[in-house]
Amino acid sequence: WDRRIDRKISRTAARPMASGAVSVKAALLFCAALLGAGLLVLIQLPWQAWAVGLASAPLIVLYPLAKRVTFWPQFVLGLAFNWGALLGWAAVAADLPWPAFVLYAGGIFWTLGYDTIYAHQDTEDDALIGVKSTARLFAENTRAWLRGFLVATLVLMGLGVLIALGQAHGLTRFVDGHGDTVVGEGLHKDPHGREGAKVDRRPGPIKNDGFVRHRLCSPELVALAGEVDDHPALDL
């Protein structure tokens, strides 16, 4: 769906379908092969995972349309990209408890952060052809939004893991009868339980560095949140 738009954006004009190097028919055949391979994997999983996996189909179809109708396509991308948090949980546990949705929400905020950085590469071309994005929506306020997204990511992902570990170790309540927080003895025994910005809004490849860095996880994500004011790819 995006090949016609990609032809009008300098950064994406050389992509295989936009440039004509790959035909629509060939792309559809390749997509069908990938879907078939994915289906073979899916049917090995519990039926709960089947339902979760198939439920992601509307999001996959809707995402390419989102940039045409809303300034929040990054949110729709987050819904689709992070569906694996729900599918993985259902595949392992044959269940979908609410900590899985907390983790999923954290992933959505993460995607909102890194894809907003990524979208700043194309703001001028996007404005000319009418493509919408959070980068265009936030403009000079991007720094504050990125801070909020990173904080929400860390809080929600950390909370999701903490709750899951607590449940695994028999912690069912986080506040006792006196209103005090219950930490849970099991978490002390588990070694794993310890566990923006000046945005350059000029289009250009430098934003790709900030985008790629968000593929890193855990300590790197914490470090990135701490340096959000000084990141070279984020300079207003």
# chains A, B, ... in the order shown; residues from 1 in each chain; ligands from 1
>>> residues_around(residues="segment 89-98 of chain A", least_positions_apart="2", cutoff="6 Å", atoms="only C-alpha atoms", output="PyMOL selection string")
chain A and resi 45-46+48-49+86-87+100-101
>>> write_last_selection(atoms="N, CA, C and O atoms", output="short mmCIF file (atom, residue, chain, number, x, y, z; two decimals), in the first residue's frame")
data_model
loop_
_atom_site.label_atom_id
_atom_site.label_comp_id
_atom_site.auth_asym_id
_atom_site.auth_seq_id
_atom_site.Cartn_x
_atom_site.Cartn_y
_atom_site.Cartn_z
N LEU A 45 1.36 -24.22 18.85
CA LEU A 45 1.17 -23.57 20.14
C LEU A 45 -0.22 -23.88 20.71
O LEU A 45 -1.09 -24.39 20.00
N PRO A 46 -0.44 -23.58 21.98
CA PRO A 46 -1.76 -23.79 22.59
C PRO A 46 -2.84 -22.99 21.85
O PRO A 46 -2.55 -21.97 21.21
N GLN A 48 -4.97 -21.02 22.89
CA GLN A 48 -5.07 -19.62 23.32
C GLN A 48 -4.15 -18.73 22.47
O GLN A 48 -4.50 -17.59 22.15
N ALA A 49 -2.98 -19.27 22.12
CA ALA A 49 -2.05 -18.51 21.29
C ALA A 49 -2.59 -18.36 19.87
O ALA A 49 -2.34 -17.34 19.21
N LEU A 86 1.87 -10.24 24.00
CA LEU A 86 0.68 -11.01 24.34
C LEU A 86 0.77 -12.43 23.78
O LEU A 86 0.43 -13.40 24.47
N LEU A 87 1.22 -12.54 22.54
CA LEU A 87 1.31 -13.86 21.91
C LEU A 87 2.32 -14.74 22.62
O LEU A 87 2.07 -15.93 22.86
N ALA A 100 0.48 -9.24 31.46
CA ALA A 100 0.86 -9.26 30.05
C ALA A 100 0.43 -7.98 29.36
O ALA A 100 1.14 -7.44 28.49
N PHE A 101 -0.73 -7.45 29.74
CA PHE A 101 -1.22 -6.22 29.13
C PHE A 101 -0.45 -5.00 29.63
O PHE A 101 -0.30 -4.01 28.90
#
>>> residues_around(residues="Ser56 of chain A", least_positions_apart="6", cutoff="12 Å", atoms="only C-alpha atoms", output="VMD selection string")
chain A and resid 49 to 50 62 to 63 76 to 87
>>> atom_distance(atom1="atom CA of Ala37 of chain A", atom2="atom CA of Gly53 of chain A")
13.4 Å
>>> closest_residue(among="A:Leu159, A:Leu150, A:Ile43, A:Ala66", to="Lys132 of chain A", atoms="only C-alpha atoms")
A:Ala66
>>> residues_around(residues="Val24 of chain A", least_positions_apart="6", cutoff="10 Å", atoms="only C-alpha atoms", output="number ranges by chain")
A: 1, 3, 17-18, 30
